[in-house]
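Notes to accompany the following structure.
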Amino acid sequence: MGVRGLQGFVGSSCPHVCTVVNFRELAEQHQSKCPGGTPTVVVDAMCCLRYWYTPESWVCGGQWKEYFSVLREFVRTFAAAGIRLVFFFDGMVERHKRDVWVKRRLRNNREVARIFQHIKSHREQPSRNMFFIPSGLAVFTRFALKTLGQETLCSLREADYEVAAYGLQNHCLGILGEDTDYLIYDTCPYFSISELCLDSLSTVMLCRQKLCESLGLHLADLPLLACLLGNDVVPEGLFETFRYKCLSSYTSGRESCDRKGNVILAVADHISRVLRLHQGEKKLEELLPLGPHKALFYKGMVSYLLPGQKSPWISQKAKIMTPLDNQVLSVSSDPEPKPEVPVGSNPESEQEVAVCIDLESKQESPMCTDPESRQEDPISMEPELKQQVTMVSDTEILKVARARHVQAESYLVYNIMAHGEIECSNTLEDALDQALPSQAFVYRPVRQRVYSLLLADGHDGASSCPPVQEWFVYSGNPLKHPDLVRPLQVNVPGGAPSVKLLWLSQEPGVQAQRMDVLLACFDLSSSREELQAVESPFQALCCLLVYLFVQVDTLCLEDLHAFIAQALCLQGKSAAQLADLQLDHIDPRAVQLGSLLVRGLTMLVLVNSACGLPWRTSDLMPWSVFDGKLFHEKYLQAERGCSPEALVEQDRSWLTKFQQLKSVVCKACLRGDRPVVSRRLWQPHHTGRWGRQGSGSHRTSFGHSRAGPGQHWRDQGPGTRQHESDSWRRQPSSSGWST
């Protein structure tokens, strides 16, 4: 993340760049200079997740009540100091950063494998140095902060740009995060979240002016330095030879610096001593070995220019061809969306539209490009694009979706409607346990129905809707290409209502329609009456459990007991009580089940958002229905054969609710030809964990197994193939996408 090698260089070779500051004192100084003004800190929330997640247990699925308490204390402490916080979350992965995203996900796969290896060997959670963020943490943190009354925003591009722009435009006290890109942006001061002491509100400020003094550079030189060193846009290896030549001719190396540190000094010296002599006279491509990477390099440079800023290294008269990237490059402070253009009805048409931008006139003129030419992504010379290619044509509903996305009120909906592309990071899943399918496959039918609901505008049914590109991490997926996933028809009597009706109508009866569509997305329309009889927040949990048990044949009655018992017992436990809970040992299967359920809660949020919020969002939050350690305890007890009375801790009222919820789930599953039985009653030839012959263990809908006879779910769906509802068979990999 950020500029390669810069964090270590600053810490070891330029300690004077780091200054200890106190937020309370800074806030007082701000108020004395600006009476009546509220000192504001803009927070890069994605950088803070590891800092915030302090619960000791992290492998069981998340300690959500404890985590919520941590966030509440964080907010309370800053509020007591009179400091306003504004939180930003990544709302998308930009196309030119996809390679970096993929590399990190593949690296995470290796970390997840080591975690499961440790659990199997030692029957305990690994130490904190192997810490892996619980699934769904970023998604649910947004809603937690909104619940706590905080201004929470979701970006329309990579969040660091919007954070820097917001801080500059709103004269913020500073940025709180952990990304060396904030040393490059010419914006408000940058504070380290990793160095924050919440009790005293002291942290380290990293001063870009002092960094420039140490390197002999100007502020405007920092983007050039960042691109030559390598960042999330310009790969580090692109200018390795150039950096080596700089180091070879550099004669002022510091003994206190390691090789990487001296490389940074050498490149900075080359900029100040050689390149600056020709600044304004020669173009960068005449001074640097950009070769075929000219466009990418300029794109990296421009990515640091905030609205209204210019670079002395980029000629304002230059005309550079740029593609209309499938995204909106504007900060969220812009209240109006840019005009959006619906994508053609032919989903296989991958043509790119390009424009030529004159930096003086700011005029654009269409240019033809070869759609097969993908060697280099040309750059955008402006932080905003005038158009956006979208998947739907209704600009009114897109505007609503965009506003809800920016205000962090929905999840993935705008990404689907605007870009037709979504991603999901790593989940704690054991690649060696073939009895449990990846959450990417389990919930795909739900997503397919959501795609149909959101993209049906202007199309005659789901079959004519364009496919959605899914970048989901699962075992065996090399992430070289996205999975192209076709929408699946939502089966509602009379046909699915329009998104406009579901989102905007206040007519009587619409709320019932919203619920009908939500249940149809989970293929649970026939269980509507039983589910509606369940009180909140357990209604949503029961919906998820029915779907899970119908989908995954290897889930047993003991698993159901554990899920229900922990949800009930959670209602009577404080965060402190949950923190004190001690487990006999850690079971790898229970670890994956915990993550599977939490990913299911994120799918509930997606469907609820797409259907116009038939359920209260608070009922879908994990701190209402799930605790990792508590589930693990109930799982181990159920495996030992503990009675329902023991599972609900001898509480009679909980026992009554336990039997009610169990009855609802089991009846709904039985209606789907899926009896939920104890694993002790399973035959030796049962599919999955306790015997792997026979049909696959993963279903698409009631009574229909997704996999054919003898085909295990692990053989379903490669990472480079388009998926139909009935076509999940692994095929040889290809360099392109199937059509």
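Lettering and numbering for the structure tokens are positional, with chains as A, B, ... in the shown order, residues counted from 1 in each chain, and ligands counted from 1 in the shown order.
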
Which residues are close to Leu479 of chain A, i.e. within 7 Å by only C-alpha atoms, leaving aside same-chain residues fewer than 2 positions away? Reply as an MDAnalysis selection string.
chainID A and resid 102 471 477 481:482 719

Restricted to C-alpha atoms, what would the selected residues look like written as a PDB file, in the first residue's frame?
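The resulting result.pdb:
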```
ATOM      1  CA  VAL A 102      -5.215  -9.551  -6.977  1.00  0.00           C
ATOM      2  CA  TRP A 471     -13.815 -10.986  -8.530  1.00  0.00           C
ATOM      3  CA  ASN A 477      -9.284 -19.297  -8.583  1.00  0.00           C
ATOM      4  CA  HIS A 481     -10.009 -12.804 -15.009  1.00  0.00           C
ATOM      5  CA  PRO A 482     -13.341 -12.165 -13.341  1.00  0.00           C
ATOM      6  CA  GLY A 719     -12.188 -18.474 -12.202  1.00  0.00           C
TER       7      GLY A 719
END
```

Considering only C-alpha atoms, give me a table of residues in segment 106-131 of chain A that are at most 8 Å from segment 429-439 of chain A, with the closest atom pair and distance in Å for each, as CSV.
```
residue,atom,partner,partner_atom,distance
A:Val112,CA,A:Glu429,CA,7.4
A:Ala113,CA,A:Asp430,CA,6.9
A:Phe116,CA,A:Asp430,CA,6.4
```

File of the preceding selection, N, CA, C and O atoms, as an mmCIF file, in the first residue's frame:
```
data_model
loop_
_atom_site.group_PDB
_atom_site.id
_atom_site.type_symbol
_atom_site.label_atom_id
_atom_site.label_comp_id
_atom_site.auth_asym_id
_atom_site.auth_seq_id
_atom_site.Cartn_x
_atom_site.Cartn_y
_atom_site.Cartn_z
ATOM 1 N N VAL A 112 -4.027 -17.604 4.831
ATOM 2 C CA VAL A 112 -5.170 -18.383 5.312
ATOM 3 C C VAL A 112 -4.804 -19.857 5.423
ATOM 4 O O VAL A 112 -5.161 -20.532 6.396
ATOM 5 N N ALA A 113 -4.080 -20.373 4.440
ATOM 6 C CA ALA A 113 -3.660 -21.776 4.484
ATOM 7 C C ALA A 113 -2.785 -22.049 5.711
ATOM 8 O O ALA A 113 -2.927 -23.091 6.371
ATOM 9 N N PHE A 116 -4.995 -22.268 8.911
ATOM 10 C CA PHE A 116 -5.667 -23.559 9.091
ATOM 11 C C PHE A 116 -4.677 -24.669 9.422
ATOM 12 O O PHE A 116 -4.992 -25.580 10.197
#
```

Within 9 Å of Phe631 of chain A using only C-alpha atoms, minus same-chain residues under 5 positions, as a ChimeraX atom specification
/A:60-61,562-567,590,594,626,636

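For the pair atom CA of Glu423 of chain A and atom CA of Ser127 of chain A, the separation is 28.6 Å.
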
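Here atom CA of Val392 of chain A is placed at a distance of 13.1 Å from atom CA of Glu421 of chain A.
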
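Residues within 8 Å of segment 395-398 of chain A, counting only C-alpha atoms and excluding same-chain residues fewer than 3 positions away, are Glu340, Val392, Ala401, Arg402, Tyr414, Met417, Ala418, Val499 and Lys500 of chain A.
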
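In this comparison, which uses only C-alpha atoms, the residue of A:Arg72, A:Lys667, A:His30, A:Arg128 approaching Ser57 of chain A most closely is A:Arg128.
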
Mind checking which residues fall within 10 Å of segment 159-167 of chain A, counting only C-alpha atoms, ignoring those fewer than 4 positions away in the same chain, and posting them as JSON, numbers by chain?
{"A": [2, 40, 41, 42, 43, 44, 45, 46, 47, 86, 87, 88, 89, 90, 91, 92, 93, 153, 154, 155, 171, 172, 173, 174, 175, 176, 177, 179, 181, 182, 184, 185, 186, 187, 188, 189, 190, 303, 304, 305, 306, 307, 329, 330, 331, 332, 333, 383]}

Pull N, CA and C atoms from the residues just selected and write them as a tab-separated table (two decimals), in the first residue's frame.
```
chain	number	residue	atom	x	y	z
A	2	GLY	N	0.58	2.17	-0.89
A	2	GLY	CA	1.33	3.41	-0.92
A	2	GLY	C	2.61	3.29	-1.71
A	40	THR	N	-11.95	19.09	12.41
A	40	THR	CA	-12.40	17.85	11.78
A	40	THR	C	-11.21	17.00	11.36
A	41	VAL	N	-11.27	15.73	11.68
A	41	VAL	CA	-10.27	14.76	11.23
A	41	VAL	C	-10.96	13.81	10.26
A	42	VAL	N	-10.41	13.69	9.05
A	42	VAL	CA	-10.95	12.75	8.07
A	42	VAL	C	-10.20	11.43	8.21
A	43	VAL	N	-10.94	10.35	8.34
A	43	VAL	CA	-10.36	9.05	8.69
A	43	VAL	C	-10.45	8.10	7.50
A	44	ASP	N	-9.30	7.56	7.11
A	44	ASP	CA	-9.27	6.49	6.12
A	44	ASP	C	-9.57	5.20	6.87
A	45	ALA	N	-10.85	4.83	6.89
A	45	ALA	CA	-11.30	3.74	7.74
A	45	ALA	C	-10.66	2.40	7.38
A	46	MET	N	-10.37	2.19	6.08
A	46	MET	CA	-9.78	0.92	5.68
A	46	MET	C	-8.41	0.71	6.30
A	47	CYS	N	-7.71	1.81	6.55
A	47	CYS	CA	-6.39	1.72	7.19
A	47	CYS	C	-6.50	1.47	8.70
A	86	VAL	N	-14.88	12.24	10.21
A	86	VAL	CA	-15.54	11.88	8.96
A	86	VAL	C	-14.82	10.65	8.42
A	87	PHE	N	-15.55	9.55	8.25
A	87	PHE	CA	-14.95	8.27	7.88
A	87	PHE	C	-15.18	7.97	6.41
A	88	PHE	N	-14.13	7.53	5.74
A	88	PHE	CA	-14.21	7.13	4.33
A	88	PHE	C	-13.88	5.65	4.20
A	89	PHE	N	-14.66	4.96	3.36
A	89	PHE	CA	-14.42	3.56	3.03
A	89	PHE	C	-14.23	3.42	1.53
A	90	ASP	N	-13.42	2.44	1.13
A	90	ASP	CA	-13.27	2.13	-0.29
A	90	ASP	C	-14.61	1.66	-0.84
A	91	GLY	N	-15.04	2.29	-1.93
A	91	GLY	CA	-16.28	1.89	-2.55
A	91	GLY	C	-16.11	1.05	-3.79
A	92	MET	N	-14.88	0.95	-4.26
A	92	MET	CA	-14.62	0.17	-5.46
A	92	MET	C	-13.12	-0.01	-5.63
A	93	VAL	N	-12.74	-0.91	-6.51
A	93	VAL	CA	-11.34	-1.08	-6.88
A	93	VAL	C	-11.19	-0.55	-8.29
A	153	LEU	N	-18.82	7.85	4.77
A	153	LEU	CA	-18.91	7.98	3.33
A	153	LEU	C	-18.22	6.81	2.64
A	154	CYS	N	-18.76	6.43	1.49
A	154	CYS	CA	-18.19	5.36	0.68
A	154	CYS	C	-17.72	5.97	-0.63
A	155	SER	N	-16.52	5.68	-1.03
A	155	SER	CA	-15.90	6.37	-2.16
A	155	SER	C	-16.43	5.87	-3.50
A	171	HIS	N	-10.55	22.03	4.76
A	171	HIS	CA	-9.60	22.60	5.74
A	171	HIS	C	-9.58	21.78	7.03
A	172	CYS	N	-9.46	20.47	6.86
A	172	CYS	CA	-9.49	19.57	8.01
A	172	CYS	C	-8.23	19.68	8.84
A	173	LEU	N	-8.38	19.29	10.09
A	173	LEU	CA	-7.24	19.25	11.00
A	173	LEU	C	-6.18	18.29	10.48
A	174	GLY	N	-6.63	17.23	9.85
A	174	GLY	CA	-5.68	16.28	9.28
A	174	GLY	C	-6.35	15.00	8.84
A	175	ILE	N	-5.54	14.10	8.32
A	175	ILE	CA	-5.97	12.78	7.87
A	175	ILE	C	-5.42	11.74	8.84
A	176	LEU	N	-6.28	10.84	9.29
A	176	LEU	CA	-5.85	9.75	10.16
A	176	LEU	C	-5.90	8.46	9.35
A	177	GLY	N	-4.74	7.84	9.17
A	177	GLY	CA	-4.67	6.64	8.36
A	177	GLY	C	-3.30	5.99	8.46
A	179	ASP	N	-0.97	5.13	5.28
A	179	ASP	CA	-0.73	4.96	3.85
A	179	ASP	C	0.24	6.06	3.42
A	181	ASP	N	0.91	7.17	0.69
A	181	ASP	CA	0.39	8.07	-0.34
A	181	ASP	C	-0.01	9.42	0.26
A	182	TYR	N	-0.39	9.41	1.55
A	182	TYR	CA	-0.78	10.68	2.19
A	182	TYR	C	0.42	11.59	2.42
A	184	ILE	N	2.44	11.99	-0.07
A	184	ILE	CA	2.65	12.47	-1.43
A	184	ILE	C	1.60	13.52	-1.82
A	185	TYR	N	0.36	13.28	-1.46
A	185	TYR	CA	-0.69	14.25	-1.75
A	185	TYR	C	-0.36	15.60	-1.10
A	186	ASP	N	-0.62	16.67	-1.82
A	186	ASP	CA	-0.48	18.02	-1.24
A	186	ASP	C	-1.81	18.37	-0.60
A	187	THR	N	-1.98	17.97	0.63
A	187	THR	CA	-3.25	18.12	1.34
A	187	THR	C	-2.98	18.47	2.80
A	188	CYS	N	-3.95	18.28	3.67
A	188	CYS	CA	-3.79	18.62	5.08
A	188	CYS	C	-2.83	17.63	5.76
A	189	PRO	N	-2.43	17.90	7.01
A	189	PRO	CA	-1.46	17.03	7.69
A	189	PRO	C	-1.92	15.58	7.79
A	190	TYR	N	-0.95	14.69	7.87
A	190	TYR	CA	-1.18	13.25	7.89
A	190	TYR	C	-0.74	12.69	9.23
A	303	SER	N	-2.76	10.81	-10.65
A	303	SER	CA	-3.57	10.26	-9.56
A	303	SER	C	-3.34	11.00	-8.24
A	304	TYR	N	-2.24	11.75	-8.15
A	304	TYR	CA	-1.96	12.50	-6.92
A	304	TYR	C	-2.43	13.96	-7.00
A	305	LEU	N	-2.92	14.38	-8.16
A	305	LEU	CA	-3.35	15.77	-8.30
A	305	LEU	C	-4.79	15.90	-7.84
A	306	LEU	N	-5.00	16.67	-6.78
A	306	LEU	CA	-6.33	16.87	-6.25
A	306	LEU	C	-7.04	17.96	-7.07
A	307	PRO	N	-8.36	18.09	-6.95
A	307	PRO	CA	-9.09	19.08	-7.74
A	307	PRO	C	-8.46	20.48	-7.64
A	329	LEU	N	-14.71	9.45	-11.57
A	329	LEU	CA	-13.53	9.93	-10.87
A	329	LEU	C	-13.82	11.31	-10.28
A	330	SER	N	-14.71	11.36	-9.33
A	330	SER	CA	-15.01	12.63	-8.66
A	330	SER	C	-15.13	12.38	-7.18
A	331	VAL	N	-14.76	13.38	-6.38
A	331	VAL	CA	-14.83	13.20	-4.94
A	331	VAL	C	-16.26	13.31	-4.48
A	332	SER	N	-16.53	12.74	-3.33
A	332	SER	CA	-17.90	12.66	-2.88
A	332	SER	C	-18.46	14.02	-2.47
A	333	SER	N	-17.61	15.04	-2.37
A	333	SER	CA	-18.12	16.36	-2.03
A	333	SER	C	-18.92	16.96	-3.17
A	383	PRO	N	-9.27	14.96	-12.80
A	383	PRO	CA	-9.76	14.07	-11.75
A	383	PRO	C	-11.21	13.68	-11.94
```

With a distance cut-off of 10 Å and only C-alpha atoms, select the neighbouring residues of Val664 of chain A, excluding the residue or stretch itself and same-chain residues fewer than 6 positions from it, and output the selection as a VMD selection string.
chain A and resid 527 529 to 531 533 to 534 539 542 to 543 546

Save out the residues we just selected, all heavy atoms, as a JSON list (two decimals), in the first residue's frame.
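Contents of again-v9.json, freshly written:
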```json
[["chain", "number", "residue", "atom", "x", "y", "z"],
["A", 527, "SER", "N", -41.89, -20.22, 2.24],
["A", 527, "SER", "CA", -41.75, -20.22, 3.70],
["A", 527, "SER", "C", -42.08, -18.86, 4.30],
["A", 527, "SER", "O", -41.75, -18.59, 5.47],
["A", 527, "SER", "CB", -40.31, -20.61, 4.09],
["A", 527, "SER", "OG", -39.99, -21.88, 3.60],
["A", 529, "GLU", "N", -44.84, -17.40, 5.38],
["A", 529, "GLU", "CA", -45.71, -17.35, 6.56],
["A", 529, "GLU", "C", -44.95, -17.72, 7.83],
["A", 529, "GLU", "O", -45.05, -17.05, 8.85],
["A", 529, "GLU", "CB", -46.91, -18.27, 6.36],
["A", 529, "GLU", "CG", -47.95, -18.16, 7.45],
["A", 529, "GLU", "CD", -49.19, -19.00, 7.16],
["A", 529, "GLU", "OE1", -49.40, -19.38, 5.98],
["A", 529, "GLU", "OE2", -49.94, -19.29, 8.11],
["A", 530, "GLU", "N", -44.19, -18.81, 7.78],
["A", 530, "GLU", "CA", -43.44, -19.24, 8.96],
["A", 530, "GLU", "C", -42.38, -18.22, 9.36],
["A", 530, "GLU", "O", -42.20, -17.92, 10.55],
["A", 530, "GLU", "CB", -42.77, -20.59, 8.71],
["A", 530, "GLU", "CG", -43.73, -21.76, 8.56],
["A", 530, "GLU", "CD", -44.05, -22.02, 7.10],
["A", 530, "GLU", "OE1", -44.01, -21.05, 6.30],
["A", 530, "GLU", "OE2", -44.33, -23.18, 6.75],
["A", 531, "LEU", "N", -41.66, -17.68, 8.38],
["A", 531, "LEU", "CA", -40.60, -16.73, 8.68],
["A", 531, "LEU", "C", -41.15, -15.43, 9.25],
["A", 531, "LEU", "O", -40.54, -14.83, 10.15],
["A", 531, "LEU", "CB", -39.78, -16.44, 7.41],
["A", 531, "LEU", "CG", -38.90, -17.59, 6.92],
["A", 531, "LEU", "CD1", -38.33, -17.29, 5.54],
["A", 531, "LEU", "CD2", -37.75, -17.84, 7.90],
["A", 533, "ALA", "N", -43.59, -15.09, 11.14],
["A", 533, "ALA", "CA", -44.03, -15.30, 12.52],
["A", 533, "ALA", "C", -42.89, -15.19, 13.51],
["A", 533, "ALA", "O", -43.11, -15.11, 14.73],
["A", 533, "ALA", "CB", -44.70, -16.67, 12.64],
["A", 534, "VAL", "N", -41.66, -15.15, 13.01],
["A", 534, "VAL", "CA", -40.48, -15.06, 13.87],
["A", 534, "VAL", "C", -40.20, -13.60, 14.20],
["A", 534, "VAL", "O", -40.26, -12.72, 13.34],
["A", 534, "VAL", "CB", -39.25, -15.69, 13.19],
["A", 534, "VAL", "CG1", -38.01, -15.54, 14.05],
["A", 534, "VAL", "CG2", -39.52, -17.15, 12.87],
["A", 539, "GLN", "N", -35.70, -13.24, 12.59],
["A", 539, "GLN", "CA", -36.35, -13.53, 11.32],
["A", 539, "GLN", "C", -35.33, -13.61, 10.19],
["A", 539, "GLN", "O", -35.33, -14.54, 9.39],
["A", 539, "GLN", "CB", -37.39, -12.45, 11.02],
["A", 539, "GLN", "CG", -38.26, -12.75, 9.82],
["A", 539, "GLN", "CD", -39.30, -11.67, 9.60],
["A", 539, "GLN", "OE1", -39.26, -10.95, 8.61],
["A", 539, "GLN", "NE2", -40.24, -11.54, 10.53],
["A", 542, "CYS", "N", -33.10, -16.69, 10.57],
["A", 542, "CYS", "CA", -33.76, -17.93, 10.14],
["A", 542, "CYS", "C", -33.78, -18.03, 8.61],
["A", 542, "CYS", "O", -33.57, -19.12, 8.05],
["A", 542, "CYS", "CB", -35.18, -17.97, 10.68],
["A", 542, "CYS", "SG", -35.27, -18.43, 12.43],
["A", 543, "CYS", "N", -34.03, -16.91, 7.94],
["A", 543, "CYS", "CA", -33.99, -16.90, 6.48],
["A", 543, "CYS", "C", -32.64, -17.38, 5.99],
["A", 543, "CYS", "O", -32.55, -18.22, 5.09],
["A", 543, "CYS", "CB", -34.29, -15.48, 5.98],
["A", 543, "CYS", "SG", -34.06, -15.26, 4.20],
["A", 546, "VAL", "N", -32.10, -21.22, 6.77],
["A", 546, "VAL", "CA", -32.83, -22.10, 5.85],
["A", 546, "VAL", "C", -32.08, -22.18, 4.52],
["A", 546, "VAL", "O", -31.86, -23.26, 3.96],
["A", 546, "VAL", "CB", -34.27, -21.60, 5.63],
["A", 546, "VAL", "CG1", -34.96, -22.44, 4.55],
["A", 546, "VAL", "CG2", -35.05, -21.66, 6.93]]
```

Restricting to only C-alpha atoms, whichever of A:Gln125, A:Asn426, A:Thr19, A:Gln117 is closest to Ser475 of chain A is A:Asn426

DSSP says alpha helix (DSSP H) for which residues of segment 433-505 of chain A? Put them as a PyMOL selection string?
chain A and resi 439-442+444-455+499-504

Written file, previous selection with N, CA and C atoms, as a CSV table (one decimal), in the first residue's frame:
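Final output, result-v5.csv:
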```
chain,number,residue,atom,x,y,z
A,439,GLN,N,-17.9,-19.8,0.3
A,439,GLN,CA,-19.0,-18.8,0.4
A,439,GLN,C,-19.3,-18.2,-1.0
A,440,ALA,N,-18.3,-18.1,-1.8
A,440,ALA,CA,-18.5,-17.5,-3.2
A,440,ALA,C,-19.5,-18.3,-4.0
A,441,PHE,N,-19.5,-19.6,-3.8
A,441,PHE,CA,-20.4,-20.5,-4.5
A,441,PHE,C,-21.8,-20.6,-3.8
A,442,VAL,N,-21.7,-20.6,-2.5
A,442,VAL,CA,-22.9,-20.8,-1.7
A,442,VAL,C,-23.9,-19.7,-2.0
A,444,ARG,N,-23.8,-17.5,-4.5
A,444,ARG,CA,-23.9,-17.0,-5.9
A,444,ARG,C,-25.3,-17.0,-6.4
A,445,PRO,N,-26.1,-18.0,-6.2
A,445,PRO,CA,-27.5,-17.9,-6.7
A,445,PRO,C,-28.3,-16.7,-6.2
A,446,VAL,N,-28.0,-16.3,-4.9
A,446,VAL,CA,-28.7,-15.1,-4.4
A,446,VAL,C,-28.2,-13.9,-5.2
A,447,ARG,N,-26.9,-13.8,-5.4
A,447,ARG,CA,-26.4,-12.6,-6.1
A,447,ARG,C,-27.0,-12.6,-7.5
A,448,GLN,N,-27.1,-13.8,-8.2
A,448,GLN,CA,-27.6,-13.8,-9.5
A,448,GLN,C,-29.1,-13.3,-9.6
A,449,ARG,N,-29.9,-13.6,-8.6
A,449,ARG,CA,-31.2,-13.0,-8.6
A,449,ARG,C,-31.2,-11.5,-8.3
A,450,VAL,N,-30.3,-11.1,-7.5
A,450,VAL,CA,-30.1,-9.6,-7.3
A,450,VAL,C,-29.7,-8.9,-8.6
A,451,TYR,N,-28.8,-9.5,-9.3
A,451,TYR,CA,-28.4,-9.0,-10.6
A,451,TYR,C,-29.7,-8.8,-11.5
A,452,SER,N,-30.5,-9.8,-11.6
A,452,SER,CA,-31.7,-9.8,-12.4
A,452,SER,C,-32.6,-8.6,-12.0
A,453,LEU,N,-32.8,-8.5,-10.7
A,453,LEU,CA,-33.6,-7.4,-10.1
A,453,LEU,C,-33.1,-6.1,-10.5
A,454,LEU,N,-31.8,-5.9,-10.3
A,454,LEU,CA,-31.2,-4.5,-10.5
A,454,LEU,C,-31.0,-4.2,-12.0
A,455,LEU,N,-30.8,-5.2,-12.8
A,455,LEU,CA,-30.4,-4.9,-14.2
A,455,LEU,C,-31.5,-5.2,-15.2
A,499,VAL,N,-37.3,-1.7,-9.7
A,499,VAL,CA,-36.5,-1.2,-8.6
A,499,VAL,C,-37.1,0.2,-8.2
A,500,LYS,N,-37.5,0.9,-9.2
A,500,LYS,CA,-38.1,2.3,-8.8
A,500,LYS,C,-39.3,2.1,-7.9
A,501,LEU,N,-40.1,1.1,-8.1
A,501,LEU,CA,-41.3,0.9,-7.2
A,501,LEU,C,-40.8,0.5,-5.9
A,502,LEU,N,-39.8,-0.5,-5.8
A,502,LEU,CA,-39.4,-1.0,-4.5
A,502,LEU,C,-38.6,0.1,-3.7
A,503,TRP,N,-37.9,1.0,-4.4
A,503,TRP,CA,-37.1,2.0,-3.7
A,503,TRP,C,-37.9,3.2,-3.3
A,504,LEU,N,-38.7,3.7,-4.2
A,504,LEU,CA,-39.3,5.0,-4.1
A,504,LEU,C,-40.8,5.1,-3.7
```

Which segment 537-575 of chain A residues have any atom within 10 Å of an atom of segment 604-609 of chain A, and for each, what is the nearest pair of atoms with distance in Å to one decimal, counting only C-alpha atoms, rows sorted by chain and number, as a Markdown table?
```
| residue | atom | partner | partner_atom | distance |
| --- | --- | --- | --- | --- |
| A:Ala540 | CA | A:Leu604 | CA | 7.7 |
| A:Leu541 | CA | A:Leu604 | CA | 9.1 |
| A:Cys543 | CA | A:Leu604 | CA | 9.1 |
| A:Leu544 | CA | A:Leu604 | CA | 7.7 |
```

Kindly export the residues of the current selection with N, CA, C and O atoms, as a PDB file, in the first residue's frame.
```pdb
ATOM      1  N   ALA A 540     -34.452 -12.600  10.124  1.00  0.00           N
ATOM      2  CA  ALA A 540     -33.423 -12.590   9.083  1.00  0.00           C
ATOM      3  C   ALA A 540     -32.455 -13.759   9.259  1.00  0.00           C
ATOM      4  O   ALA A 540     -32.029 -14.383   8.279  1.00  0.00           O
ATOM      5  N   LEU A 541     -32.103 -14.063  10.504  1.00  0.00           N
ATOM      6  CA  LEU A 541     -31.191 -15.179  10.762  1.00  0.00           C
ATOM      7  C   LEU A 541     -31.809 -16.495  10.301  1.00  0.00           C
ATOM      8  O   LEU A 541     -31.134 -17.327   9.677  1.00  0.00           O
ATOM      9  N   CYS A 543     -34.034 -16.910   7.942  1.00  0.00           N
ATOM     10  CA  CYS A 543     -33.995 -16.901   6.484  1.00  0.00           C
ATOM     11  C   CYS A 543     -32.637 -17.375   5.988  1.00  0.00           C
ATOM     12  O   CYS A 543     -32.554 -18.222   5.089  1.00  0.00           O
ATOM     13  N   LEU A 544     -31.590 -16.852   6.592  1.00  0.00           N
ATOM     14  CA  LEU A 544     -30.233 -17.223   6.183  1.00  0.00           C
ATOM     15  C   LEU A 544     -29.947 -18.692   6.482  1.00  0.00           C
ATOM     16  O   LEU A 544     -29.347 -19.406   5.663  1.00  0.00           O
TER      17      LEU A 544
END
```
